[in-house]
Amino acid sequence: IEAEGKKEEKLFEQYMCYCKNGEEMLGKSIADANVKIPQLTSDIESAEGQKSQLAEDLKTHKADLTGAKTAMAEATAVREKEAAAFAAATGDLKTNLAGLEKAIAAIEKGMAGFLQTSTASLLKKIVMNRADMLDADRQDVMSFLSSDSDYAPQSGEITGILKTMHDEMSADLKAATDEENAAIAAYEGLMSAKKKEVQSLTNMIEDKLQRVGDLGVEIQEMKNDLGDTADSR
C-alpha cells in the first residue's frame, strides 16, 4: 500500500509539473504571438506600400520608355527626309557644276559647234533656273547661247560670269554638305543618348518587375504567418 501511494504521489507531481510547464509555455506562446502579430501587420503594410510605389515607378518608366522610342522614331523619320532632300539638292548642284565646268572649258577653247551640244543646252537650263543670278548676266549668257556664231567675241565675259556662278554653286554645295554633316552628327548624338536611356529604363523596369514579384510572394508568406500566429493564440 505504501509503495502504491508513493507511485501515485509521483504521478501526481509529474502531472502538476506538466500543467505548470504547459501553462507557462502557453502563456509564452500567447505573449510571443501578441508581439509578432503587430510586427507582421506592420511589415505587411510596409511591403504593400513598397509594392504600390514600385507599381507607380513602373508606370513612369514604361511611359518614359515609350517616349524615348517615339523620339527615336521621329528623329529617324526627320533624318531620312533631310538626307533625301540633301541628296536631291546636291545631286542637282553636282550635275550643274559638272555642266558649268564643261561649258567653261569648251567656250575657252572656242570649241566649234558648242551651241549645238548637250552641254550648251544644259547651260541654258542652268542659267534659266538660277534664281539668284543677276538679270543682266542672265541676259548676256542667254544672248551668247542664242548667237549664230560658234565663238562670239564676248566669250571672255561669258566665261567670267560662268566662273562666278561655279564659285557660288560650289559654296552652296559646301554649305549644304556642312549642314548635312552637322545634322548627321546631331542625329547620331541624339540616338546614342536615347539608346542609353532606353537601356537604362529597360533595366529598371526588369529590376522593379522582379522586386514586385518578390514582394508579392513575401507579402503572401507574411499573411499566411499572420493567420497561423493569430490561430495559435
# chains A, B, ... in the order shown; residues from 1 in each chain; ligands from 1
call {"tool": "residues_around", "arguments": {"residues": "Lys102 (chain A)", "least_positions_apart": "4", "cutoff": "10 Å", "atoms": "only C-alpha atoms", "output": "PyMOL selection string"}}
result
chain A and resi 96-98+106-108+119-120+123
call {"tool": "write_last_selection", "arguments": {"atoms": "C-alpha atoms", "output": "CSV table (one decimal), in the first residue's frame"}}
result
chain,number,residue,atom,x,y,z
A,96,ASN,CA,25.1,71.7,-112.7
A,97,LEU,CA,28.7,72.2,-111.6
A,98,ALA,CA,29.9,69.5,-113.9
A,106,ALA,CA,34.5,74.4,-124.3
A,107,ILE,CA,34.0,78.2,-124.5
A,108,GLU,CA,37.6,79.0,-123.5
A,119,THR,CA,26.4,71.0,-122.7
A,120,ALA,CA,25.1,74.2,-124.2
A,123,LEU,CA,24.0,75.6,-119.6
call {"tool": "closest_residue", "arguments": {"among": "A:Val212, A:Leu162, A:Asp43, A:Leu201", "to": "Thr66 (chain A)", "atoms": "only C-alpha atoms"}}
result
A:Leu201
call {"tool": "closest_residue", "arguments": {"among": "A:Ala193, A:Arg211, A:Ala136, A:Glu80", "to": "Gln53 (chain A)", "atoms": "only C-alpha atoms"}}
result
A:Arg211
call {"tool": "residues_around", "arguments": {"residues": "region 76-78 of chain A", "least_positions_apart": "3", "cutoff": "12 Å", "atoms": "only C-alpha atoms", "output": "ChimeraX atom specification"}}
result
/A:69-73,81-85,183-184,186-188,190-191,194
call {"tool": "residues_around", "arguments": {"residues": "region 131-134 of chain A", "least_positions_apart": "5", "cutoff": "12 Å", "atoms": "only C-alpha atoms", "output": "list in words"}}
result
Lys125, Ile126, Gln139, Asp140, Val141, Ile161, Leu162, Thr164, Met165, His166, Glu168, Met169 and Asp172 of chain A
call {"tool": "closest_residue", "arguments": {"among": "A:Thr177, A:Gln210, A:Asn34, A:Gln220", "to": "Leu54 (chain A)", "atoms": "only C-alpha atoms"}}
result
A:Gln210
call {"tool": "atom_distance", "arguments": {"atom1": "CA of Asp57 (chain A)", "atom2": "CA of Thr202 (chain A)"}}
result
12.5 Å
call {"tool": "closest_residue", "arguments": {"among": "A:Lys62, A:Leu40, A:Ala55, A:Ser46", "to": "Gly213 (chain A)", "atoms": "only C-alpha atoms"}}
result
A:Ala55
call {"tool": "atom_distance", "arguments": {"atom1": "CA of Glu179 (chain A)", "atom2": "CA of Arg79 (chain A)"}}
result
12.2 Å
call {"tool": "closest_residue", "arguments": {"among": "A:Ser146, A:Arg138, A:Thr159, A:Thr90", "to": "Lys109 (chain A)", "atoms": "only C-alpha atoms"}}
result
A:Thr159
